[in-house]
$ cat target14.tsv   # TSV, C-alpha atoms and all ligand atoms
chain	number	residue	atom	x	y	z
A	1	MET	CA	4.07	-6.79	-15.39
A	2	GLN	CA	1.33	-9.19	-16.59
A	3	GLU	CA	2.76	-12.09	-14.63
A	4	ARG	CA	2.61	-10.11	-11.47
A	5	TYR	CA	-1.18	-10.50	-11.21
A	6	SER	CA	-1.46	-13.95	-12.81
A	7	ARG	CA	-2.79	-15.69	-9.68
A	8	GLN	CA	-5.41	-13.03	-9.14
A	9	GLU	CA	-6.45	-13.21	-12.80
A	10	LEU	CA	-6.79	-17.00	-12.54
A	11	PHE	CA	-9.40	-16.41	-9.83
A	12	ASN	CA	-12.58	-16.57	-11.92
A	13	PRO	CA	-14.65	-13.76	-10.38
A	14	ILE	CA	-11.77	-11.35	-11.15
A	15	GLY	CA	-10.16	-12.61	-14.35
A	16	LYS	CA	-8.27	-10.38	-16.79
A	17	SER	CA	-11.16	-7.98	-17.20
A	18	GLY	CA	-11.50	-7.58	-13.42
A	19	GLN	CA	-7.77	-6.94	-13.15
A	20	ASN	CA	-8.07	-4.20	-15.78
A	21	LYS	CA	-10.88	-2.62	-13.78
A	22	ILE	CA	-8.84	-2.76	-10.56
A	23	SER	CA	-5.95	-0.99	-12.27
A	24	ASP	CA	-8.28	1.85	-13.37
A	25	LYS	CA	-9.72	2.53	-9.91
A	26	HIS	CA	-8.91	5.07	-7.22
A	27	VAL	CA	-9.37	4.22	-3.54
A	28	LEU	CA	-9.39	6.75	-0.69
A	29	LEU	CA	-8.09	5.30	2.56
A	30	ILE	CA	-8.91	7.32	5.64
A	31	GLY	CA	-6.44	6.47	8.39
A	32	ALA	CA	-3.03	4.79	8.19
A	33	GLY	CA	-2.98	2.97	11.53
A	34	ALA	CA	-3.56	-0.75	11.96
A	35	LEU	CA	-6.56	-1.11	9.63
A	36	GLY	CA	-5.14	1.43	7.20
A	37	THR	CA	-1.74	-0.19	6.72
A	38	GLY	CA	-3.35	-3.62	6.28
A	39	ASN	CA	-5.83	-2.37	3.69
A	40	ALA	CA	-3.20	-0.31	1.90
A	41	GLU	CA	-0.76	-3.19	1.54
A	42	ALA	CA	-3.44	-5.58	0.27
A	43	LEU	CA	-4.81	-3.12	-2.30
A	44	VAL	CA	-1.39	-2.02	-3.53
A	45	ARG	CA	-0.32	-5.66	-3.96
A	46	ALA	CA	-3.61	-6.30	-5.79
A	47	GLY	CA	-2.65	-3.60	-8.30
A	48	VAL	CA	-5.16	-0.82	-7.61
A	49	GLY	CA	-4.50	2.13	-9.95
A	50	THR	CA	-4.37	4.94	-7.42
A	51	ILE	CA	-4.60	5.13	-3.65
A	52	THR	CA	-4.89	8.29	-1.58
A	53	ILE	CA	-3.94	7.92	2.07
A	54	VAL	CA	-5.05	10.46	4.66
A	55	ASP	CA	-3.59	10.40	8.16
A	56	ARG	CA	-2.92	13.04	10.80
A	57	ASP	CA	-0.48	11.14	12.99
A	58	TYR	CA	3.15	10.03	13.11
A	59	VAL	CA	4.72	6.65	13.85
A	60	GLU	CA	5.46	5.66	17.46
A	61	ALA	CA	6.97	2.52	19.01
A	62	SER	CA	3.60	1.37	20.36
A	63	ASN	CA	2.27	1.17	16.76
A	64	LEU	CA	4.77	-1.46	15.61
A	65	GLN	CA	2.94	-4.42	17.19
A	66	ARG	CA	0.16	-4.20	14.57
A	67	GLN	CA	0.75	-1.46	11.98
A	68	GLN	CA	2.38	-3.58	9.34
A	69	LEU	CA	4.04	-1.03	7.06
A	70	TYR	CA	6.18	0.68	9.72
A	71	SER	CA	9.69	0.09	11.01
A	72	GLU	CA	11.66	0.99	14.14
A	73	GLU	CA	13.41	3.62	12.03
A	74	ASP	CA	10.05	5.29	11.22
A	75	ALA	CA	9.21	5.43	14.93
A	76	LYS	CA	12.65	6.79	15.83
A	77	LYS	CA	12.29	9.59	13.25
A	78	ARG	CA	8.61	10.21	14.12
A	79	MET	CA	7.74	9.95	10.44
A	80	PRO	CA	4.21	11.01	9.53
A	81	LYS	CA	2.29	7.80	8.87
A	82	ALA	CA	1.06	8.92	5.45
A	83	ILE	CA	4.68	9.47	4.29
A	84	ALA	CA	6.13	6.31	5.86
A	85	ALA	CA	3.27	4.28	4.37
A	86	LYS	CA	3.82	5.76	0.92
A	87	GLU	CA	7.54	4.99	1.00
A	88	ARG	CA	7.00	1.37	1.96
A	89	LEU	CA	4.10	0.89	-0.48
A	90	SER	CA	6.17	2.29	-3.35
A	91	GLN	CA	8.79	-0.39	-2.65
A	92	ILE	CA	6.08	-3.07	-2.75
A	93	ASN	CA	4.46	-1.94	-6.04
A	94	SER	CA	6.03	0.91	-7.99
A	95	SER	CA	3.25	0.92	-10.61
A	96	VAL	CA	0.60	2.19	-8.19
A	97	THR	CA	0.06	5.96	-7.92
A	98	ILE	CA	0.11	6.84	-4.23
A	99	HIS	CA	-0.95	10.19	-2.79
A	100	ALA	CA	0.00	10.80	0.85
A	101	LYS	CA	-1.85	13.52	2.76
A	102	ILE	CA	-0.78	14.52	6.26
A	103	MET	CA	-3.97	16.01	7.59
A	104	ASP	CA	-7.11	15.59	9.58
A	105	ALA	CA	-10.02	14.10	7.68
A	106	SER	CA	-12.26	17.13	8.14
A	107	PHE	CA	-15.52	17.63	6.23
A	108	ALA	CA	-13.94	20.10	3.80
A	109	GLU	CA	-11.09	17.80	2.84
A	110	LEU	CA	-13.22	14.67	2.64
A	111	SER	CA	-15.87	16.42	0.56
A	112	SER	CA	-13.27	17.37	-2.00
A	113	LEU	CA	-11.41	14.02	-1.98
A	114	ALA	CA	-14.60	11.92	-2.18
A	115	GLN	CA	-15.53	13.40	-5.56
A	116	ASP	CA	-12.54	11.81	-7.30
A	117	VAL	CA	-12.61	8.24	-5.98
A	118	ASP	CA	-14.40	4.96	-6.66
A	119	LEU	CA	-14.33	3.68	-3.08
A	120	MET	CA	-13.56	4.90	0.44
A	121	ILE	CA	-12.23	2.66	3.19
A	122	ASP	CA	-12.69	3.58	6.82
A	123	ALA	CA	-9.55	2.93	8.85
A	124	THR	CA	-10.14	5.59	11.49
A	125	ASP	CA	-10.45	5.18	15.22
A	126	ASN	CA	-13.31	7.57	15.88
A	127	TYR	CA	-16.98	8.08	15.10
A	128	ASP	CA	-16.71	11.81	14.38
A	129	THR	CA	-14.68	11.04	11.26
A	130	ARG	CA	-16.82	8.03	10.30
A	131	LEU	CA	-19.94	10.18	10.30
A	132	ILE	CA	-18.22	12.66	7.98
A	133	ILE	CA	-17.17	9.80	5.66
A	134	ASN	CA	-20.75	8.54	5.79
A	135	ASP	CA	-22.18	11.88	4.69
A	136	ALA	CA	-19.56	12.45	1.99
A	137	ALA	CA	-20.25	8.95	0.64
A	138	GLN	CA	-23.98	9.64	0.41
A	139	LYS	CA	-23.61	13.09	-1.06
A	140	TYR	CA	-21.16	12.03	-3.80
A	141	ASN	CA	-22.54	8.50	-4.28
A	142	VAL	CA	-19.34	6.64	-3.35
A	143	PRO	CA	-19.38	3.19	-1.69
A	144	TRP	CA	-17.47	2.89	1.57
A	145	ILE	CA	-16.47	0.10	3.93
A	146	TYR	CA	-16.79	0.67	7.63
A	147	GLY	CA	-14.35	-1.18	9.89
A	148	ALA	CA	-13.57	-1.09	13.60
A	149	CYS	CA	-11.73	-3.20	16.11
A	150	VAL	CA	-10.78	-3.16	19.78
A	151	GLY	CA	-9.31	-5.90	21.98
A	152	SER	CA	-10.08	-9.17	20.16
A	153	TYR	CA	-13.32	-7.80	18.75
A	154	GLY	CA	-14.05	-6.48	15.28
A	155	MET	CA	-16.91	-5.21	13.18
A	156	THR	CA	-17.39	-4.31	9.52
A	157	PHE	CA	-20.12	-3.32	7.08
A	158	THR	CA	-20.18	-2.25	3.44
A	159	ILE	CA	-22.30	0.81	2.69
A	160	ILE	CA	-23.61	1.35	-0.84
A	161	PRO	CA	-25.50	4.66	-1.27
A	162	GLY	CA	-29.05	4.10	-2.47
A	163	GLU	CA	-28.91	0.39	-1.56
A	164	THR	CA	-27.90	-0.34	2.02
A	165	PRO	CA	-28.61	1.49	5.25
A	166	CYS	CA	-25.93	4.05	6.11
A	167	LEU	CA	-23.89	4.34	9.30
A	168	GLN	CA	-26.36	6.82	10.76
A	169	CYS	CA	-29.22	4.33	10.20
A	170	LEU	CA	-27.21	1.56	11.89
A	171	TRP	CA	-26.16	3.86	14.69
A	172	ASP	CA	-29.75	4.47	15.72
A	173	ASN	CA	-30.54	0.74	15.91
A	174	ILE	CA	-27.48	-1.23	16.89
A	175	PRO	CA	-24.95	-0.79	19.73
A	176	MET	CA	-22.02	0.16	17.49
A	177	SER	CA	-19.19	1.24	19.72
A	178	GLY	CA	-19.45	-1.44	22.39
A	179	GLY	CA	-18.63	1.23	24.97
A	180	GLN	CA	-14.93	0.45	24.77
A	181	THR	CA	-12.12	2.31	23.12
A	182	CYS	CA	-8.48	1.32	22.76
A	183	ASP	CA	-7.87	3.42	25.90
A	184	THR	CA	-9.11	0.64	28.12
A	185	ALA	CA	-9.09	-2.55	26.12
A	186	GLY	CA	-5.87	-2.65	24.07
A	187	ILE	CA	-5.84	-4.55	20.82
A	188	ILE	CA	-4.37	-7.71	19.29
A	189	SER	CA	-3.24	-7.87	15.68
A	190	PRO	CA	-5.40	-10.87	14.58
A	191	ALA	CA	-8.52	-8.79	15.27
A	192	VAL	CA	-7.09	-6.11	13.00
A	193	ASN	CA	-6.17	-8.60	10.27
A	194	MET	CA	-9.63	-10.16	10.32
A	195	VAL	CA	-11.34	-6.80	9.76
A	196	VAL	CA	-8.78	-5.97	7.06
A	197	SER	CA	-9.55	-9.27	5.29
A	198	TYR	CA	-13.28	-8.56	5.26
A	199	GLN	CA	-12.69	-5.00	4.09
A	200	THR	CA	-10.28	-5.87	1.27
A	201	ALA	CA	-12.45	-8.76	0.03
A	202	GLU	CA	-15.41	-6.38	-0.20
A	203	ALA	CA	-13.14	-3.74	-1.78
A	204	LEU	CA	-12.07	-6.15	-4.55
A	205	LYS	CA	-15.73	-7.00	-5.27
A	206	ILE	CA	-16.54	-3.29	-5.59
A	207	LEU	CA	-13.47	-2.56	-7.74
A	208	VAL	CA	-14.37	-5.32	-10.21
A	209	GLU	CA	-18.04	-4.23	-10.00
A	210	ASP	CA	-19.27	-7.65	-8.81
A	211	TRP	CA	-22.11	-6.05	-6.83
A	212	GLN	CA	-23.99	-9.34	-6.42
A	213	ALA	CA	-21.10	-10.81	-4.46
A	214	LEU	CA	-21.19	-8.20	-1.69
A	215	ARG	CA	-21.89	-9.55	1.78
A	216	GLY	CA	-24.83	-7.29	2.59
A	217	LYS	CA	-24.65	-8.02	6.32
A	218	LEU	CA	-23.09	-6.42	9.35
A	219	VAL	CA	-20.33	-8.71	10.66
A	220	MET	CA	-19.22	-8.81	14.30
A	221	PHE	CA	-16.73	-11.25	15.79
A	222	ASP	CA	-14.57	-11.87	18.84
A	223	LEU	CA	-11.48	-13.98	18.20
A	224	TRP	CA	-10.81	-14.59	21.90
A	225	GLU	CA	-14.39	-15.38	22.87
A	226	ASN	CA	-14.82	-17.43	19.65
A	227	THR	CA	-17.99	-15.70	18.55
A	228	HIS	CA	-19.10	-14.69	15.05
A	229	THR	CA	-22.35	-12.90	14.23
A	230	GLU	CA	-23.80	-11.67	10.95
A	231	ILE	CA	-26.81	-9.41	11.12
A	232	ASN	CA	-29.16	-8.66	8.26
A	233	VAL	CA	-29.65	-4.91	8.65
A	234	LYS	CA	-31.65	-4.14	5.48
A	235	LYS	CA	-34.69	-3.16	7.52
A	236	VAL	CA	-32.93	-0.46	9.54
A	237	LYS	CA	-32.63	1.88	6.53
A	238	LYS	CA	-34.69	4.91	7.50
A	239	LYS	CA	-36.65	7.05	5.05
A	240	ASN	CA	-36.10	10.12	7.24
A	241	CYS	CA	-32.37	9.53	7.84
A	242	PRO	CA	-30.53	12.92	7.70
A	243	SER	CA	-27.64	11.28	5.82
A	244	CYS	CA	-29.30	8.84	3.38
A	245	GLY	CA	-33.04	9.54	3.60
A	246	GLU	CA	-35.36	11.12	1.05
A	247	GLN	CA	-34.52	14.61	2.27
A	248	ALA	CA	-30.95	14.09	3.34
A	249	TYR	CA	-29.08	17.23	4.34
A	250	PHE	CA	-25.73	15.66	5.34
A	251	PRO	CA	-25.40	17.20	8.82
A	252	TYR	CA	-21.77	16.18	9.31
A	253	LEU	CA	-20.62	18.03	6.20
A	254	SER	CA	-21.52	21.35	7.72
A	255	ASN	CA	-20.57	21.12	11.36
A	256	GLU	CA	-16.81	21.26	11.40
A	257	LYS	CA	-16.60	22.55	14.94
A	258	LEU	CA	-17.05	18.97	16.13
A	259	MET	CA	-13.45	18.28	15.18
A	260	LYS	CA	-11.49	21.36	16.16
A	261	THR	CA	-10.36	20.06	19.52
A	262	ALA	CA	-10.20	16.32	19.97
A	263	VAL	CA	-8.98	13.97	22.69
A	264	LEU	CA	-7.25	11.18	20.71
A	265	CYS	CA	-8.15	7.56	21.31
A	266	GLY	CA	-5.70	5.73	23.57
A	267	ARG	CA	-3.03	8.38	23.13
A	268	ASP	CA	-3.29	10.51	26.26
A	269	THR	CA	-3.21	13.34	23.76
A	270	VAL	CA	-5.24	16.42	22.85
A	271	GLN	CA	-5.26	17.68	19.26
A	272	PHE	CA	-5.89	21.25	18.14
A	273	ARG	CA	-6.69	22.04	14.54
A	274	PRO	CA	-6.83	25.61	13.21
A	275	SER	CA	-10.19	26.73	11.86
A	276	GLU	CA	-8.66	27.87	8.60
A	277	LYS	CA	-5.78	26.72	6.42
A	278	LYS	CA	-2.37	28.15	7.25
A	279	THR	CA	1.32	27.34	6.97
A	280	ILE	CA	3.53	27.48	10.03
A	281	ASP	CA	7.18	28.58	10.10
A	282	LEU	CA	8.62	25.67	12.06
A	283	THR	CA	12.14	27.12	11.87
A	284	GLU	CA	11.07	30.18	13.83
A	285	ILE	CA	9.36	28.09	16.51
A	286	GLU	CA	12.44	25.88	16.70
A	287	SER	CA	14.76	28.82	17.25
A	288	VAL	CA	12.53	30.41	19.92
A	289	PHE	CA	12.30	27.27	22.03
A	290	SER	CA	15.89	26.17	21.44
A	291	SER	CA	17.05	29.54	22.74
A	292	GLN	CA	15.05	28.88	25.91
A	293	GLY	CA	17.04	25.68	26.44
A	294	LEU	CA	14.11	23.37	25.66
A	295	VAL	CA	14.54	20.06	23.86
A	296	VAL	CA	13.39	20.54	20.26
A	297	GLN	CA	13.46	17.84	17.55
A	298	ARG	CA	12.57	18.27	13.90
A	299	ASN	CA	12.06	16.33	10.73
A	300	PRO	CA	10.90	17.78	7.39
A	301	TYR	CA	7.22	17.50	8.39
A	302	LEU	CA	6.89	18.36	12.06
A	303	LEU	CA	8.53	19.73	15.17
A	304	SER	CA	8.48	18.24	18.66
A	305	VAL	CA	9.24	20.27	21.80
A	306	THR	CA	9.30	18.94	25.36
A	307	PHE	CA	7.78	20.92	28.23
A	308	ALA	CA	8.30	18.14	30.79
A	309	PRO	CA	6.22	16.13	31.53
A	310	HIS	CA	4.37	17.11	28.35
A	311	ARG	CA	5.51	16.95	24.77
A	312	VAL	CA	4.03	19.12	22.04
A	313	VAL	CA	4.14	18.32	18.32
A	314	VAL	CA	3.50	21.04	15.70
A	315	PHE	CA	2.73	20.24	12.04
A	316	TYR	CA	3.23	22.59	9.06
A	317	ASP	CA	-0.53	23.09	8.71
A	318	GLY	CA	-0.80	24.49	12.25
A	319	ARG	CA	-2.14	21.32	13.77
A	320	VAL	CA	-0.83	20.72	17.31
A	321	LEU	CA	-0.74	17.56	19.41
A	322	VAL	CA	-0.23	17.90	23.17
A	323	HIS	CA	0.92	14.57	24.62
A	324	GLY	CA	0.65	13.57	28.26
A	325	THR	CA	-2.87	14.80	28.99
A	326	ASN	CA	-6.52	14.19	28.19
A	327	ASN	CA	-7.45	17.55	29.68
A	328	VAL	CA	-8.32	20.11	27.02
A	329	THR	CA	-7.91	23.11	29.35
A	330	GLU	CA	-4.46	22.01	30.40
A	331	ALA	CA	-3.49	21.28	26.79
A	332	LYS	CA	-4.62	24.76	25.70
A	333	LYS	CA	-1.90	26.34	27.84
A	334	TYR	CA	0.72	24.65	25.66
A	335	TYR	CA	-1.10	25.50	22.45
A	336	HIS	CA	-1.03	29.18	23.39
A	337	ARG	CA	2.62	28.94	24.37
A	338	ILE	CA	3.48	27.75	20.83
A	339	PHE	CA	1.47	30.49	19.10
A	340	SER	CA	1.96	33.37	21.55
B	401	ZN	ZN	-29.07	6.48	6.75
$ encode --input "target14.tsv" --output "structure tokens"
Amino acid sequence: MQERYSRQELFNPIGKSGQNKISDKHVLLIGAGALGTGNAEALVRAGVGTITIVDRDYVEASNLQRQQLYSEEDAKKRMPKAIAAKERLSQINSSVTIHAKIMDASFAELSSLAQDVDLMIDATDNYDTRLIINDAAQKYNVPWIYGACVGSYGMTFTIIPGETPCLQCLWDNIPMSGGQTCDTAGIISPAVNMVVSYQTAEALKILVEDWQALRGKLVMFDLWENTHTEINVKKVKKKNCPSCGEQAYFPYLSNEKLMKTAVLCGRDTVQFRPSEKKTIDLTEIESVFSSQGLVVQRNPYLLSVTFAPHRVVVFYDGRVLVHGTNNVTEAKKYYHRIFS
């Protein structure tokens, strides 16, 4: 397989020794949507040793415009994104070890996953999860690369524990979310690809341990408005930061209740996650609702039942998505109907 990476090895800052380092490294990718599929494909093609992909969602038709690993068939079958991504990535590079995890990136899971990896890449769509990644990165001394995009706008920053400010430090000083979510603004794929390019370039530098080459600045751009800004944020690192300061106590690694019920970005969907691990008998749920004449669909990973105009999806781990509402109280009625 030597020839496979010959062009990357000819690139001086990587070389043969850099390629060897890349093939020894393990990257944790949190999220397998637009940013996640872009990062995953680039890193798998680059020959990373191991990649672990965490995602809680399944493929839908509206993903196909920008989520580059997925097909119409994946959307038709409602394949969990982690599984569909793994299948496609294995076709692209069979020598990479790929772990697919269908689950929410809660503090417990991220704390345990972070301890085994060399780098984490943020490909989520929400700040609750990013703050958990931020704390896990600080606690276990793992670099991570923040990335976000909406509309034609994108933003990215590389966080090295002990060196750079963390997300919490930035958060207190810079308007990070822009006030928009994909609910209202939509998104175009070049904005995604631009963030992915910044993230994977920084990832390669970290994997080959070329620390001097890291950008060190917060990047913000708008491809439609033709703006590009780089901000030197060194000074915003706070000594009393709860996540990276001298007496850090990692607040987001202990407050799981933040994530139990979540309204999902741009999805008109409410998610419920059980407070403890369990395994659900989907066959039993299927037979109960089928016998009531409801439309039930299943694949090996999840079950979907329609209570028109709402549709409810149940995963093996007890996680439930209620589609067709942003109202938690209304969604709870369906949650209780599943587990009554
Ligand atoms: Zn901090």
$ closest_residue --input "target14.tsv" --among "A:Leu35, A:Cys169, A:Ala40, A:Val320" --to "ligand ZN 401 (chain B)" --atoms "all atoms listed in the file"
A:Cys169
$ atom_distance --input "target14.tsv" --atom1 "CA of Glu41 (chain A)" --atom2 "CA of Ile92 (chain A)"
8.1 Å
$ residues_near_ligand --input "target14.tsv" --ligand "ligand ZN 401 (chain B)" --cutoff "12 Å" --atoms "all atoms listed in the file" --output "ChimeraX atom specification"
/A:131,134-135,137-139,159-173,233-251
$ closest_residue --input "target14.tsv" --among "A:Thr52, A:Thr158, A:Thr229, A:Asn327" --to "His26 (chain A)" --atoms "all atoms listed in the file"
A:Thr52
$ residues_near_point --input "target14.tsv" --point "(-13.9, -8.2, 4.9)" --cutoff "9 Å" --atoms "only C-alpha atoms" --output "mmCIF file with C-alpha atoms, in the coordinates of the input"
data_model
loop_
_atom_site.group_PDB
_atom_site.id
_atom_site.type_symbol
_atom_site.label_atom_id
_atom_site.label_comp_id
_atom_site.auth_asym_id
_atom_site.auth_seq_id
_atom_site.Cartn_x
_atom_site.Cartn_y
_atom_site.Cartn_z
ATOM 1 C CA ILE A 145 -16.470 0.100 3.930
ATOM 2 C CA GLY A 147 -14.350 -1.180 9.890
ATOM 3 C CA THR A 156 -17.390 -4.310 9.520
ATOM 4 C CA PHE A 157 -20.120 -3.320 7.080
ATOM 5 C CA THR A 158 -20.180 -2.250 3.440
ATOM 6 C CA MET A 194 -9.630 -10.160 10.320
ATOM 7 C CA VAL A 195 -11.340 -6.800 9.760
ATOM 8 C CA VAL A 196 -8.780 -5.970 7.060
ATOM 9 C CA SER A 197 -9.550 -9.270 5.290
ATOM 10 C CA TYR A 198 -13.280 -8.560 5.260
ATOM 11 C CA GLN A 199 -12.690 -5.000 4.090
ATOM 12 C CA THR A 200 -10.280 -5.870 1.270
ATOM 13 C CA ALA A 201 -12.450 -8.760 0.030
ATOM 14 C CA GLU A 202 -15.410 -6.380 -0.200
ATOM 15 C CA ALA A 203 -13.140 -3.740 -1.780
ATOM 16 C CA ARG A 215 -21.890 -9.550 1.780
ATOM 17 C CA VAL A 219 -20.330 -8.710 10.660
#
$ atom_distance --input "target14.tsv" --atom1 "CA of Thr269 (chain A)" --atom2 "CA of Arg88 (chain A)"
26.9 Å
$ residues_around --input "target14.tsv" --residues "Lys76 (chain A)" --least-positions-apart "4" --cutoff "8 Å" --atoms "all atoms listed in the file" --output "PyMOL selection string"
chain A and resi 60-61+72
$ closest_residue --input "target14.tsv" --among "A:Ile187, A:Leu264, A:Val305, A:Val295" --to "Val328 (chain A)" --atoms "all atoms listed in the file"
A:Leu264
$ atom_distance --input "target14.tsv" --atom1 "CA of Leu218 (chain A)" --atom2 "CA of Asp118 (chain A)"
21.5 Å
$ residues_around --input "target14.tsv" --residues "region 313-318 of chain A" --least-positions-apart "4" --cutoff "6 Å" --atoms "all atoms listed in the file" --output "list in words"
Lys278, Thr279, Ile280, Leu302, Leu303 and Ser304 of chain A
$ residues_near_point --input "target14.tsv" --point "(10.4, 4.6, 10.7)" --cutoff "12 Å" --atoms "only C-alpha atoms" --output "list in words"
Tyr58, Val59, Glu60, Ala61, Asn63, Leu64, Gln67, Gln68, Leu69, Tyr70, Ser71, Glu72, Glu73, Asp74, Ala75, Lys76, Lys77, Arg78, Met79, Pro80, Lys81, Ala82, Ile83, Ala84, Ala85, Lys86, Glu87, Arg88 and Asn299 of chain A
$ decode --input "target14.tsv" --residues "region 263-275 of chain A" --atoms "N, CA, C and O atoms" --output "mmCIF file, in the first residue's frame"
data_model
loop_
_atom_site.group_PDB
_atom_site.id
_atom_site.type_symbol
_atom_site.label_atom_id
_atom_site.label_comp_id
_atom_site.auth_asym_id
_atom_site.auth_seq_id
_atom_site.Cartn_x
_atom_site.Cartn_y
_atom_site.Cartn_z
ATOM 1 N N VAL A 263 -34.231 19.880 21.884
ATOM 2 C CA VAL A 263 -34.881 20.223 20.623
ATOM 3 C C VAL A 263 -33.766 20.273 19.577
ATOM 4 O O VAL A 263 -32.788 20.993 19.745
ATOM 5 N N LEU A 264 -33.874 19.455 18.515
ATOM 6 C CA LEU A 264 -32.757 19.304 17.577
ATOM 7 C C LEU A 264 -32.763 20.384 16.504
ATOM 8 O O LEU A 264 -33.790 20.691 15.911
ATOM 9 N N CYS A 265 -31.567 20.885 16.258
ATOM 10 C CA CYS A 265 -31.358 21.997 15.320
ATOM 11 C C CYS A 265 -31.959 21.723 13.938
ATOM 12 O O CYS A 265 -31.592 20.758 13.281
ATOM 13 N N GLY A 266 -32.892 22.581 13.527
ATOM 14 C CA GLY A 266 -33.388 22.529 12.150
ATOM 15 C C GLY A 266 -34.204 21.301 11.810
ATOM 16 O O GLY A 266 -34.498 21.050 10.655
ATOM 17 N N ARG A 267 -34.574 20.510 12.816
ATOM 18 C CA ARG A 267 -35.183 19.220 12.516
ATOM 19 C C ARG A 267 -36.652 19.155 12.873
ATOM 20 O O ARG A 267 -37.311 18.178 12.560
ATOM 21 N N ASP A 268 -37.178 20.195 13.556
ATOM 22 C CA ASP A 268 -38.553 20.131 14.017
ATOM 23 C C ASP A 268 -38.745 18.821 14.796
ATOM 24 O O ASP A 268 -39.702 18.085 14.579
ATOM 25 N N THR A 269 -37.823 18.585 15.687
ATOM 26 C CA THR A 269 -37.732 17.291 16.366
ATOM 27 C C THR A 269 -37.319 17.473 17.825
ATOM 28 O O THR A 269 -36.476 18.314 18.127
ATOM 29 N N VAL A 270 -37.921 16.662 18.701
ATOM 30 C CA VAL A 270 -37.499 16.637 20.101
ATOM 31 C C VAL A 270 -36.882 15.269 20.383
ATOM 32 O O VAL A 270 -37.434 14.243 19.975
ATOM 33 N N GLN A 271 -35.743 15.282 21.064
ATOM 34 C CA GLN A 271 -35.088 14.012 21.420
ATOM 35 C C GLN A 271 -35.196 13.750 22.921
ATOM 36 O O GLN A 271 -35.012 14.655 23.733
ATOM 37 N N PHE A 272 -35.479 12.494 23.261
ATOM 38 C CA PHE A 272 -35.439 12.064 24.663
ATOM 39 C C PHE A 272 -34.343 11.017 24.807
ATOM 40 O O PHE A 272 -34.220 10.124 23.973
ATOM 41 N N ARG A 273 -33.570 11.156 25.872
ATOM 42 C CA ARG A 273 -32.517 10.174 26.112
ATOM 43 C C ARG A 273 -32.674 9.646 27.530
ATOM 44 O O ARG A 273 -32.808 10.420 28.468
ATOM 45 N N PRO A 274 -32.692 8.325 27.718
ATOM 46 C CA PRO A 274 -32.883 7.780 29.061
ATOM 47 C C PRO A 274 -31.714 8.156 29.970
ATOM 48 O O PRO A 274 -30.600 8.315 29.496
ATOM 49 N N SER A 275 -31.998 8.277 31.267
ATOM 50 C CA SER A 275 -30.948 8.719 32.187
ATOM 51 C C SER A 275 -29.951 7.607 32.483
ATOM 52 O O SER A 275 -28.862 7.851 32.942
#
